[in-house]
$ cat input_17.cif   # mmCIF, N, CA and C atoms and all ligand atoms
data_input
loop_
_atom_site.label_atom_id
_atom_site.label_comp_id
_atom_site.auth_asym_id
_atom_site.auth_seq_id
_atom_site.Cartn_x
_atom_site.Cartn_y
_atom_site.Cartn_z
N MET U 1 0.01 153.43 24.47
CA MET U 1 -1.33 153.72 23.93
C MET U 1 -2.21 152.46 24.01
N TYR U 2 -3.47 152.66 24.31
CA TYR U 2 -4.43 151.54 24.35
C TYR U 2 -5.34 151.63 23.13
N LEU U 3 -5.64 150.46 22.57
CA LEU U 3 -6.55 150.40 21.42
C LEU U 3 -7.73 149.51 21.76
N LEU U 4 -8.92 149.96 21.43
CA LEU U 4 -10.12 149.11 21.53
C LEU U 4 -10.59 148.82 20.12
N LYS U 5 -11.00 147.60 19.91
CA LYS U 5 -11.55 147.27 18.59
C LYS U 5 -12.98 146.79 18.73
N SER U 6 -13.84 147.30 17.84
CA SER U 6 -15.22 146.85 17.84
C SER U 6 -15.61 146.58 16.39
N GLU U 7 -16.53 145.68 16.19
CA GLU U 7 -16.93 145.41 14.81
C GLU U 7 -18.44 145.24 14.66
N SER U 8 -18.88 145.49 13.45
CA SER U 8 -20.28 145.33 13.13
C SER U 8 -20.36 144.97 11.65
N SER U 9 -21.53 144.60 11.18
CA SER U 9 -21.63 144.28 9.75
C SER U 9 -23.02 144.59 9.22
N PHE U 10 -23.07 144.72 7.91
CA PHE U 10 -24.37 144.95 7.27
C PHE U 10 -24.35 144.31 5.89
N ASP U 11 -25.55 144.00 5.42
CA ASP U 11 -25.70 143.40 4.09
C ASP U 11 -26.30 144.44 3.17
N SER U 12 -25.56 144.77 2.13
CA SER U 12 -26.18 145.67 1.15
C SER U 12 -25.59 145.49 -0.22
N ALA U 13 -26.35 146.04 -1.16
CA ALA U 13 -25.96 145.94 -2.57
C ALA U 13 -25.31 147.25 -2.99
N HIS U 14 -24.45 147.15 -3.98
CA HIS U 14 -23.85 148.34 -4.58
C HIS U 14 -23.42 147.99 -6.00
N PHE U 15 -22.91 148.96 -6.70
CA PHE U 15 -22.24 148.72 -7.99
C PHE U 15 -21.24 149.83 -8.17
N LEU U 16 -20.25 149.55 -9.00
CA LEU U 16 -19.21 150.56 -9.24
C LEU U 16 -19.39 151.10 -10.65
N HIS U 17 -19.97 152.28 -10.72
CA HIS U 17 -20.20 152.93 -12.01
C HIS U 17 -18.85 153.19 -12.67
N GLY U 18 -18.76 152.80 -13.96
CA GLY U 18 -17.52 153.06 -14.70
C GLY U 18 -16.47 151.98 -14.52
N TYR U 19 -16.78 150.96 -13.74
CA TYR U 19 -15.82 149.87 -13.52
C TYR U 19 -15.88 148.93 -14.71
N LYS U 20 -14.72 148.52 -15.21
CA LYS U 20 -14.72 147.59 -16.35
C LYS U 20 -14.61 146.17 -15.81
N GLY U 21 -15.79 145.56 -15.57
CA GLY U 21 -15.78 144.20 -15.01
C GLY U 21 -17.07 143.96 -14.28
N LYS U 22 -17.13 142.81 -13.60
CA LYS U 22 -18.41 142.38 -13.02
C LYS U 22 -18.93 143.30 -11.91
N CYS U 23 -18.04 144.05 -11.31
CA CYS U 23 -18.49 144.93 -10.20
C CYS U 23 -19.27 146.15 -10.67
N SER U 24 -19.39 146.31 -12.00
CA SER U 24 -20.26 147.39 -12.48
C SER U 24 -21.73 146.96 -12.41
N ASN U 25 -21.97 145.67 -12.19
CA ASN U 25 -23.34 145.18 -12.00
C ASN U 25 -23.75 145.30 -10.53
N ILE U 26 -25.06 145.45 -10.30
CA ILE U 26 -25.53 145.47 -8.91
C ILE U 26 -25.23 144.11 -8.29
N HIS U 27 -24.57 144.14 -7.15
CA HIS U 27 -24.26 142.89 -6.43
C HIS U 27 -24.17 143.19 -4.94
N GLY U 28 -24.23 142.14 -4.15
CA GLY U 28 -24.28 142.35 -2.70
C GLY U 28 -23.03 141.89 -1.98
N HIS U 29 -22.83 142.45 -0.81
CA HIS U 29 -21.75 142.02 0.08
C HIS U 29 -22.28 141.98 1.50
N ARG U 30 -21.63 141.15 2.31
CA ARG U 30 -21.78 141.32 3.75
C ARG U 30 -20.59 142.18 4.14
N TRP U 31 -20.84 143.46 4.35
CA TRP U 31 -19.78 144.41 4.67
C TRP U 31 -19.46 144.28 6.16
N ARG U 32 -18.20 144.02 6.46
CA ARG U 32 -17.81 143.93 7.87
C ARG U 32 -16.95 145.15 8.21
N VAL U 33 -17.29 145.80 9.28
CA VAL U 33 -16.60 147.04 9.64
C VAL U 33 -15.92 146.88 10.99
N GLU U 34 -14.65 147.22 11.03
CA GLU U 34 -13.91 147.20 12.30
C GLU U 34 -13.42 148.61 12.60
N ALA U 35 -13.65 149.05 13.82
CA ALA U 35 -13.16 150.38 14.21
C ALA U 35 -12.23 150.24 15.40
N ASN U 36 -11.14 150.98 15.37
CA ASN U 36 -10.21 151.04 16.51
C ASN U 36 -10.26 152.43 17.13
N VAL U 37 -10.45 152.48 18.42
CA VAL U 37 -10.38 153.77 19.12
C VAL U 37 -9.23 153.68 20.13
N TYR U 38 -8.63 154.83 20.45
CA TYR U 38 -7.43 154.82 21.27
C TYR U 38 -7.54 155.76 22.46
N ALA U 39 -6.64 155.51 23.40
CA ALA U 39 -6.44 156.46 24.51
C ALA U 39 -5.01 156.26 24.99
N ASP U 40 -4.37 157.34 25.39
CA ASP U 40 -3.02 157.23 25.95
C ASP U 40 -3.08 156.68 27.37
N GLU U 41 -4.14 157.08 28.07
CA GLU U 41 -4.29 156.65 29.47
C GLU U 41 -5.69 156.08 29.67
N LEU U 42 -5.77 155.16 30.61
CA LEU U 42 -7.09 154.61 30.95
C LEU U 42 -7.80 155.55 31.92
N GLN U 43 -9.12 155.46 31.94
CA GLN U 43 -9.88 156.28 32.89
C GLN U 43 -9.54 155.84 34.31
N GLU U 44 -9.48 156.81 35.22
CA GLU U 44 -8.91 156.51 36.54
C GLU U 44 -9.92 156.29 37.64
N LYS U 45 -11.16 156.71 37.38
CA LYS U 45 -12.12 156.50 38.47
C LYS U 45 -13.53 156.27 37.94
N GLY U 46 -14.39 155.91 38.89
CA GLY U 46 -15.80 155.75 38.54
C GLY U 46 -16.08 154.47 37.79
N GLU U 47 -17.22 154.46 37.17
CA GLU U 47 -17.73 153.27 36.47
C GLU U 47 -16.78 152.80 35.37
N LEU U 48 -16.07 153.77 34.75
CA LEU U 48 -15.22 153.44 33.60
C LEU U 48 -13.76 153.24 33.97
N LYS U 49 -13.49 153.14 35.28
CA LYS U 49 -12.10 152.95 35.73
C LYS U 49 -11.45 151.75 35.03
N GLY U 50 -10.25 151.96 34.51
CA GLY U 50 -9.54 150.86 33.85
C GLY U 50 -9.94 150.63 32.41
N MET U 51 -10.77 151.52 31.87
CA MET U 51 -11.24 151.35 30.47
C MET U 51 -10.77 152.53 29.62
N VAL U 52 -10.69 152.28 28.31
CA VAL U 52 -10.51 153.38 27.35
C VAL U 52 -11.85 154.11 27.26
N ILE U 53 -12.83 153.39 26.80
CA ILE U 53 -14.25 153.80 26.87
C ILE U 53 -15.02 152.50 27.08
N ASP U 54 -16.29 152.61 27.35
CA ASP U 54 -17.12 151.41 27.48
C ASP U 54 -17.26 150.76 26.10
N PHE U 55 -16.96 149.47 26.00
CA PHE U 55 -17.16 148.75 24.72
C PHE U 55 -18.56 149.02 24.17
N GLY U 56 -19.53 149.07 25.10
CA GLY U 56 -20.92 149.23 24.68
C GLY U 56 -21.15 150.50 23.86
N ASP U 57 -20.39 151.56 24.17
CA ASP U 57 -20.61 152.84 23.48
C ASP U 57 -20.16 152.78 22.02
N ILE U 58 -18.97 152.22 21.80
CA ILE U 58 -18.46 152.16 20.41
C ILE U 58 -19.27 151.10 19.63
N LYS U 59 -19.61 150.03 20.33
CA LYS U 59 -20.40 148.96 19.68
C LYS U 59 -21.75 149.52 19.20
N SER U 60 -22.37 150.32 20.04
CA SER U 60 -23.70 150.80 19.64
C SER U 60 -23.61 151.89 18.57
N ALA U 61 -22.54 152.71 18.60
CA ALA U 61 -22.37 153.73 17.54
C ALA U 61 -22.14 153.05 16.19
N LEU U 62 -21.33 152.00 16.21
CA LEU U 62 -21.03 151.28 14.96
C LEU U 62 -22.27 150.55 14.45
N LYS U 63 -23.05 150.03 15.37
CA LYS U 63 -24.26 149.31 14.99
C LYS U 63 -25.28 150.28 14.35
N ASP U 64 -25.37 151.48 14.89
CA ASP U 64 -26.28 152.47 14.30
C ASP U 64 -25.91 152.75 12.84
N ILE U 65 -24.59 152.86 12.59
CA ILE U 65 -24.12 153.13 11.23
C ILE U 65 -24.44 151.92 10.33
N ALA U 66 -24.13 150.73 10.84
CA ALA U 66 -24.39 149.51 10.06
C ALA U 66 -25.89 149.35 9.78
N ASP U 67 -26.71 149.61 10.77
CA ASP U 67 -28.16 149.46 10.60
C ASP U 67 -28.70 150.43 9.55
N PHE U 68 -28.08 151.61 9.48
CA PHE U 68 -28.52 152.59 8.48
C PHE U 68 -28.34 152.03 7.06
N PHE U 69 -27.21 151.34 6.82
CA PHE U 69 -26.92 150.85 5.48
C PHE U 69 -27.53 149.47 5.20
N ASP U 70 -27.96 148.78 6.25
CA ASP U 70 -28.36 147.37 6.11
C ASP U 70 -29.53 147.20 5.13
N HIS U 71 -29.46 146.17 4.32
CA HIS U 71 -30.51 145.81 3.37
C HIS U 71 -30.92 147.00 2.49
N SER U 72 -29.93 147.65 1.93
CA SER U 72 -30.21 148.78 1.03
C SER U 72 -29.42 148.57 -0.26
N LEU U 73 -29.76 149.39 -1.23
CA LEU U 73 -28.94 149.51 -2.43
C LEU U 73 -28.24 150.86 -2.33
N ILE U 74 -26.92 150.80 -2.24
CA ILE U 74 -26.13 152.02 -2.06
C ILE U 74 -25.59 152.43 -3.44
N TYR U 75 -25.85 153.66 -3.83
CA TYR U 75 -25.37 154.11 -5.15
C TYR U 75 -24.75 155.49 -5.05
N GLU U 76 -23.81 155.72 -5.94
CA GLU U 76 -23.13 157.02 -5.96
C GLU U 76 -24.00 158.04 -6.67
N LYS U 77 -24.11 159.21 -6.08
CA LYS U 77 -24.90 160.30 -6.67
C LYS U 77 -24.51 160.49 -8.15
N GLY U 78 -25.55 160.57 -8.98
CA GLY U 78 -25.30 160.84 -10.40
C GLY U 78 -25.06 159.61 -11.26
N THR U 79 -25.18 158.42 -10.65
CA THR U 79 -24.88 157.22 -11.43
C THR U 79 -26.11 156.35 -11.71
N LEU U 80 -27.27 156.79 -11.23
CA LEU U 80 -28.52 156.05 -11.52
C LEU U 80 -29.52 157.02 -12.14
N ASN U 81 -30.21 156.54 -13.14
CA ASN U 81 -31.23 157.34 -13.81
C ASN U 81 -32.30 157.80 -12.80
N LEU U 82 -32.64 159.09 -12.85
CA LEU U 82 -33.57 159.65 -11.86
C LEU U 82 -34.95 159.01 -11.91
N GLU U 83 -35.40 158.66 -13.15
CA GLU U 83 -36.70 157.99 -13.28
C GLU U 83 -36.66 156.62 -12.60
N LEU U 84 -35.54 155.94 -12.79
CA LEU U 84 -35.39 154.61 -12.17
C LEU U 84 -35.41 154.73 -10.64
N ILE U 85 -34.73 155.75 -10.13
CA ILE U 85 -34.73 155.97 -8.66
C ILE U 85 -36.16 156.16 -8.17
N LYS U 86 -36.92 156.97 -8.94
CA LYS U 86 -38.31 157.23 -8.55
C LYS U 86 -39.12 155.92 -8.52
N LEU U 87 -38.94 155.13 -9.57
CA LEU U 87 -39.69 153.86 -9.66
C LEU U 87 -39.32 152.92 -8.51
N LEU U 88 -38.03 152.84 -8.22
CA LEU U 88 -37.60 151.93 -7.14
C LEU U 88 -38.12 152.43 -5.79
N ASN U 89 -38.09 153.76 -5.61
CA ASN U 89 -38.63 154.32 -4.36
C ASN U 89 -40.12 154.02 -4.23
N ASN U 90 -40.84 154.11 -5.38
CA ASN U 90 -42.28 153.81 -5.37
C ASN U 90 -42.57 152.38 -4.94
N GLU U 91 -41.61 151.50 -5.20
CA GLU U 91 -41.75 150.08 -4.80
C GLU U 91 -41.27 149.87 -3.36
N ASN U 92 -40.91 150.97 -2.71
CA ASN U 92 -40.41 150.93 -1.33
C ASN U 92 -39.08 150.20 -1.16
N PHE U 93 -38.29 150.16 -2.23
CA PHE U 93 -36.93 149.64 -2.07
C PHE U 93 -36.13 150.68 -1.32
N ARG U 94 -35.22 150.19 -0.49
CA ARG U 94 -34.40 151.13 0.29
C ARG U 94 -33.15 151.49 -0.51
N LEU U 95 -33.12 152.73 -0.96
CA LEU U 95 -31.98 153.21 -1.74
C LEU U 95 -31.22 154.24 -0.91
N ILE U 96 -29.92 154.15 -0.91
CA ILE U 96 -29.11 155.16 -0.19
C ILE U 96 -28.13 155.77 -1.18
N GLU U 97 -28.27 157.09 -1.34
CA GLU U 97 -27.35 157.80 -2.24
C GLU U 97 -26.16 158.30 -1.43
N VAL U 98 -24.98 158.04 -1.92
CA VAL U 98 -23.78 158.56 -1.25
C VAL U 98 -23.01 159.45 -2.22
N LYS U 99 -22.20 160.34 -1.65
CA LYS U 99 -21.50 161.31 -2.50
C LYS U 99 -20.19 160.76 -3.03
N PHE U 100 -19.90 159.51 -2.66
CA PHE U 100 -18.62 158.92 -3.05
C PHE U 100 -18.88 157.61 -3.80
N ARG U 101 -17.86 157.18 -4.57
CA ARG U 101 -17.97 155.86 -5.21
C ARG U 101 -17.95 154.82 -4.08
N PRO U 102 -18.95 153.92 -4.04
CA PRO U 102 -19.05 153.02 -2.87
C PRO U 102 -18.02 151.88 -2.87
N THR U 103 -16.78 152.26 -2.70
CA THR U 103 -15.69 151.28 -2.57
C THR U 103 -15.43 151.04 -1.08
N ALA U 104 -14.70 149.98 -0.80
CA ALA U 104 -14.35 149.70 0.60
C ALA U 104 -13.53 150.85 1.18
N GLU U 105 -12.64 151.42 0.37
CA GLU U 105 -11.80 152.54 0.83
C GLU U 105 -12.67 153.73 1.27
N ASN U 106 -13.62 154.09 0.38
CA ASN U 106 -14.45 155.25 0.69
C ASN U 106 -15.38 155.00 1.88
N PHE U 107 -15.87 153.76 2.01
CA PHE U 107 -16.69 153.45 3.18
C PHE U 107 -15.86 153.57 4.46
N ALA U 108 -14.61 153.10 4.39
CA ALA U 108 -13.75 153.17 5.58
C ALA U 108 -13.58 154.63 6.02
N LYS U 109 -13.33 155.51 5.07
CA LYS U 109 -13.15 156.95 5.41
C LYS U 109 -14.47 157.55 5.90
N HIS U 110 -15.56 157.20 5.22
CA HIS U 110 -16.87 157.74 5.60
C HIS U 110 -17.24 157.34 7.03
N ILE U 111 -17.04 156.08 7.35
CA ILE U 111 -17.41 155.59 8.69
C ILE U 111 -16.46 156.18 9.74
N PHE U 112 -15.18 156.33 9.37
CA PHE U 112 -14.23 157.01 10.26
C PHE U 112 -14.76 158.41 10.60
N ASP U 113 -15.16 159.16 9.58
CA ASP U 113 -15.65 160.54 9.80
C ASP U 113 -16.90 160.55 10.67
N LEU U 114 -17.81 159.59 10.43
CA LEU U 114 -19.04 159.55 11.24
C LEU U 114 -18.72 159.30 12.72
N LEU U 115 -17.75 158.41 12.96
CA LEU U 115 -17.39 158.11 14.36
C LEU U 115 -16.68 159.30 14.99
N GLU U 116 -15.85 159.98 14.21
CA GLU U 116 -15.19 161.19 14.75
C GLU U 116 -16.22 162.26 15.10
N GLU U 117 -17.24 162.39 14.23
CA GLU U 117 -18.32 163.36 14.52
C GLU U 117 -18.98 163.06 15.86
N LYS U 118 -19.03 161.76 16.19
CA LYS U 118 -19.64 161.37 17.47
C LYS U 118 -18.61 161.44 18.60
N GLU U 119 -17.45 162.00 18.30
CA GLU U 119 -16.41 162.29 19.30
C GLU U 119 -15.69 161.07 19.85
N PHE U 120 -15.61 160.02 19.03
CA PHE U 120 -14.75 158.90 19.40
C PHE U 120 -13.33 159.22 18.94
N ASN U 121 -12.34 158.78 19.71
CA ASN U 121 -10.94 158.95 19.30
C ASN U 121 -10.56 157.81 18.36
N VAL U 122 -11.00 157.93 17.13
CA VAL U 122 -10.82 156.82 16.18
C VAL U 122 -9.39 156.86 15.66
N VAL U 123 -8.79 155.69 15.55
CA VAL U 123 -7.46 155.63 14.97
C VAL U 123 -7.52 155.01 13.57
N SER U 124 -8.44 154.08 13.36
CA SER U 124 -8.59 153.48 12.03
C SER U 124 -9.95 152.82 11.89
N VAL U 125 -10.37 152.72 10.65
CA VAL U 125 -11.58 151.94 10.33
C VAL U 125 -11.24 151.04 9.16
N THR U 126 -11.56 149.77 9.30
CA THR U 126 -11.33 148.79 8.22
C THR U 126 -12.68 148.27 7.76
N VAL U 127 -12.84 148.23 6.44
CA VAL U 127 -14.08 147.70 5.86
C VAL U 127 -13.73 146.50 4.99
N TYR U 128 -14.34 145.37 5.33
CA TYR U 128 -14.17 144.14 4.54
C TYR U 128 -15.33 144.04 3.56
N GLU U 129 -14.99 143.94 2.28
CA GLU U 129 -16.02 143.71 1.26
C GLU U 129 -16.28 142.22 1.12
N THR U 130 -15.23 141.47 1.26
CA THR U 130 -15.31 140.01 1.24
C THR U 130 -14.40 139.55 2.38
N PRO U 131 -14.49 138.28 2.78
CA PRO U 131 -13.63 137.86 3.90
C PRO U 131 -12.14 138.09 3.62
N SER U 132 -11.76 138.13 2.35
CA SER U 132 -10.33 138.27 2.06
C SER U 132 -9.90 139.64 1.56
N ASN U 133 -10.86 140.56 1.32
CA ASN U 133 -10.51 141.88 0.81
C ASN U 133 -11.01 142.98 1.72
N SER U 134 -10.09 143.81 2.17
CA SER U 134 -10.51 144.91 3.04
C SER U 134 -9.70 146.16 2.74
N ALA U 135 -10.23 147.29 3.17
CA ALA U 135 -9.50 148.56 3.05
C ALA U 135 -9.54 149.24 4.41
N THR U 136 -8.46 149.90 4.75
CA THR U 136 -8.37 150.58 6.04
C THR U 136 -8.11 152.06 5.83
N TYR U 137 -8.82 152.90 6.58
CA TYR U 137 -8.49 154.32 6.59
C TYR U 137 -7.87 154.66 7.94
N VAL U 138 -6.71 155.27 7.88
CA VAL U 138 -6.03 155.74 9.08
C VAL U 138 -5.72 157.21 8.85
N LYS U 139 -6.00 158.03 9.84
CA LYS U 139 -5.77 159.46 9.65
C LYS U 139 -4.29 159.80 9.79
N1 LIG N 1 -9.57 148.63 -4.20
C1 LIG N 1 -10.81 148.17 -4.43
N2 LIG N 1 -11.01 147.33 -5.44
C2 LIG N 1 -12.23 146.85 -5.68
C3 LIG N 1 -13.30 147.23 -4.86
C4 LIG N 1 -13.06 148.13 -3.79
O1 LIG N 1 -13.96 148.51 -3.02
N3 LIG N 1 -11.81 148.57 -3.62
N4 LIG N 1 -14.51 146.69 -5.08
C5 LIG N 1 -14.75 145.83 -6.04
C6 LIG N 1 -16.11 145.23 -6.19
O2 LIG N 1 -17.04 145.83 -5.34
C7 LIG N 1 -16.22 143.71 -6.09
O3 LIG N 1 -17.42 143.31 -5.49
C8 LIG N 1 -15.13 143.01 -5.40
O4 LIG N 1 -15.29 141.67 -5.74
P1 LIG N 1 -14.11 140.69 -6.14
O5 LIG N 1 -12.80 141.34 -6.08
O6 LIG N 1 -14.47 140.12 -7.43
O7 LIG N 1 -14.20 139.75 -4.94
P2 LIG N 1 -14.93 138.40 -4.87
O8 LIG N 1 -14.44 137.75 -3.63
O9 LIG N 1 -16.39 138.57 -5.00
O10 LIG N 1 -14.30 137.68 -6.13
P3 LIG N 1 -14.65 136.32 -6.78
O11 LIG N 1 -13.64 136.22 -7.85
O12 LIG N 1 -16.06 136.45 -7.29
O13 LIG N 1 -14.52 135.31 -5.70
C9 LIG N 1 -13.70 145.47 -6.99
N5 LIG N 1 -12.44 146.00 -6.69
ZN ZN N 2 -18.71 144.97 -4.63
#

$ encode --input "input_17.cif" --output "C-alpha cells"
Amino acid sequence: MYLLKSESSFDSAHFLHGYKGKCSNIHGHRWRVEANVYADELQEKGELKGMVIDFGDIKSALKDIADFFDHSLIYEKGTLNLELIKLLNNENFRLIEVKFRPTAENFAKHIFDLLEEKEFNVVSVTVYETPSNSATYVK
C-alpha cells in the first residue's frame, strides 16, 4: 500500500463548554492538520503515472478546509448565548458553529469526513492542537 501525507494549518479560537479548567475559556491554537491518503497501486499511465494522486489535489482540498476555519471563533451549537452571537456577528467577527464539541478528536473525524466526501481515499487525519498534543481519526 502507498500512503501520501499532506498538511495544512489554521489559526482559530475555541473553548470547551463544560470543561473544568482553563480550556473552558476562549483561547486560540494554531491547528495543524495532517491527512494520509492511500492506494494499493500507483497510477499506470498519463500525467499521473507513478503517483497515488497528485499532491496538489490533496493539498488544495486540505487548504480549502483550513481556510474555512482560519481566523474564526469555533463554537459548539448550543453553547453560546444567542444574543451574544448576534452581537458578535454585528461586529463582523467570524463565528463558526459546529455540531460537535471542538476537540482535536472531533476535528480529526470531521476533516476525515469532509475529505471522504470529496472522494479522497483517506486513511487517517491527525489534528495537532499544540505541537505536542494531537488526535488521529482512523476509520
Ligand atoms: N483529548 C483532548 N483533551 C483536551 C483537548 C482535546 O481537544 N482533546 N483540548 C483541550 C484544550 O483545548 C486545551 O487548549 C489544550 O491545552 P493544554 O493541554 O493546556 O495544552 P497547552 O500546550 O496549551 O498547555 P500549557 O500547559 O498551557 O502549556 C484540553 N484537553
Ligand atoms: Zn484548546

$ residues_near_ligand --input "input_17.cif" --ligand "ligand ZN 2 (chain N)" --cutoff "8 Å" --atoms "all atoms listed in the file" --output "list in words"
Ala13, His14, Phe15, Leu16, Lys22, Cys23, Ser24, Asn25, Ile26, His27, Gly28, His29, Pro102, Thr103, Ala104, Glu129 and Thr130 of chain U

$ closest_residue --input "input_17.cif" --among "U:Glu105, U:Glu83, U:Glu7, U:Glu34" --to "ligand LIG 1 (chain N)" --atoms "all atoms listed in the file"
U:Glu105

$ residues_around --input "input_17.cif" --residues "Ala66 in chain U" --least-positions-apart "4" --cutoff "6.5 Å" --atoms "only N, CA and C atoms" --output "tab-separated table (two decimals) with N, CA and C atoms, in the coordinates of the input"
chain	number	residue	atom	x	y	z
U	8	SER	N	-18.88	145.49	13.45
U	8	SER	CA	-20.28	145.33	13.13
U	8	SER	C	-20.36	144.97	11.65
U	9	SER	N	-21.53	144.60	11.18
U	9	SER	CA	-21.63	144.28	9.75
U	9	SER	C	-23.02	144.59	9.22
U	10	PHE	N	-23.07	144.72	7.91
U	10	PHE	CA	-24.37	144.95	7.27
U	10	PHE	C	-24.35	144.31	5.89
U	61	ALA	N	-22.54	152.71	18.60
U	61	ALA	CA	-22.37	153.73	17.54
U	61	ALA	C	-22.14	153.05	16.19
U	62	LEU	N	-21.33	152.00	16.21
U	62	LEU	CA	-21.03	151.28	14.96
U	62	LEU	C	-22.27	150.55	14.45
U	70	ASP	N	-27.96	148.78	6.25
U	70	ASP	CA	-28.36	147.37	6.11
U	70	ASP	C	-29.53	147.20	5.13

$ atom_distance --input "input_17.cif" --atom1 "CA of Tyr128 in chain U" --atom2 "CA of Asp40 in chain U"
27.5 Å

$ select_by_dssp --input "input_17.cif" --residues "range 1-136 of chain U" --states "strand (DSSP E)" --output "PyMOL selection string"
chain U and resi 2-14+27-39+72-76+95-98+122-130+133-136

$ residues_around --input "input_17.cif" --residues "Ser6 in chain U" --least-positions-apart "2" --cutoff "9 Å" --atoms "only C-alpha atoms" --output "MDAnalysis selection string"
chainID U and resid 4 8 33:37 55 58:59 62

$ residues_around --input "input_17.cif" --residues "Val98 in chain U" --least-positions-apart "5" --cutoff "7 Å" --atoms "all atoms listed in the file" --output "list in words"
Ile74, Tyr75, Glu76 and Lys77 of chain U
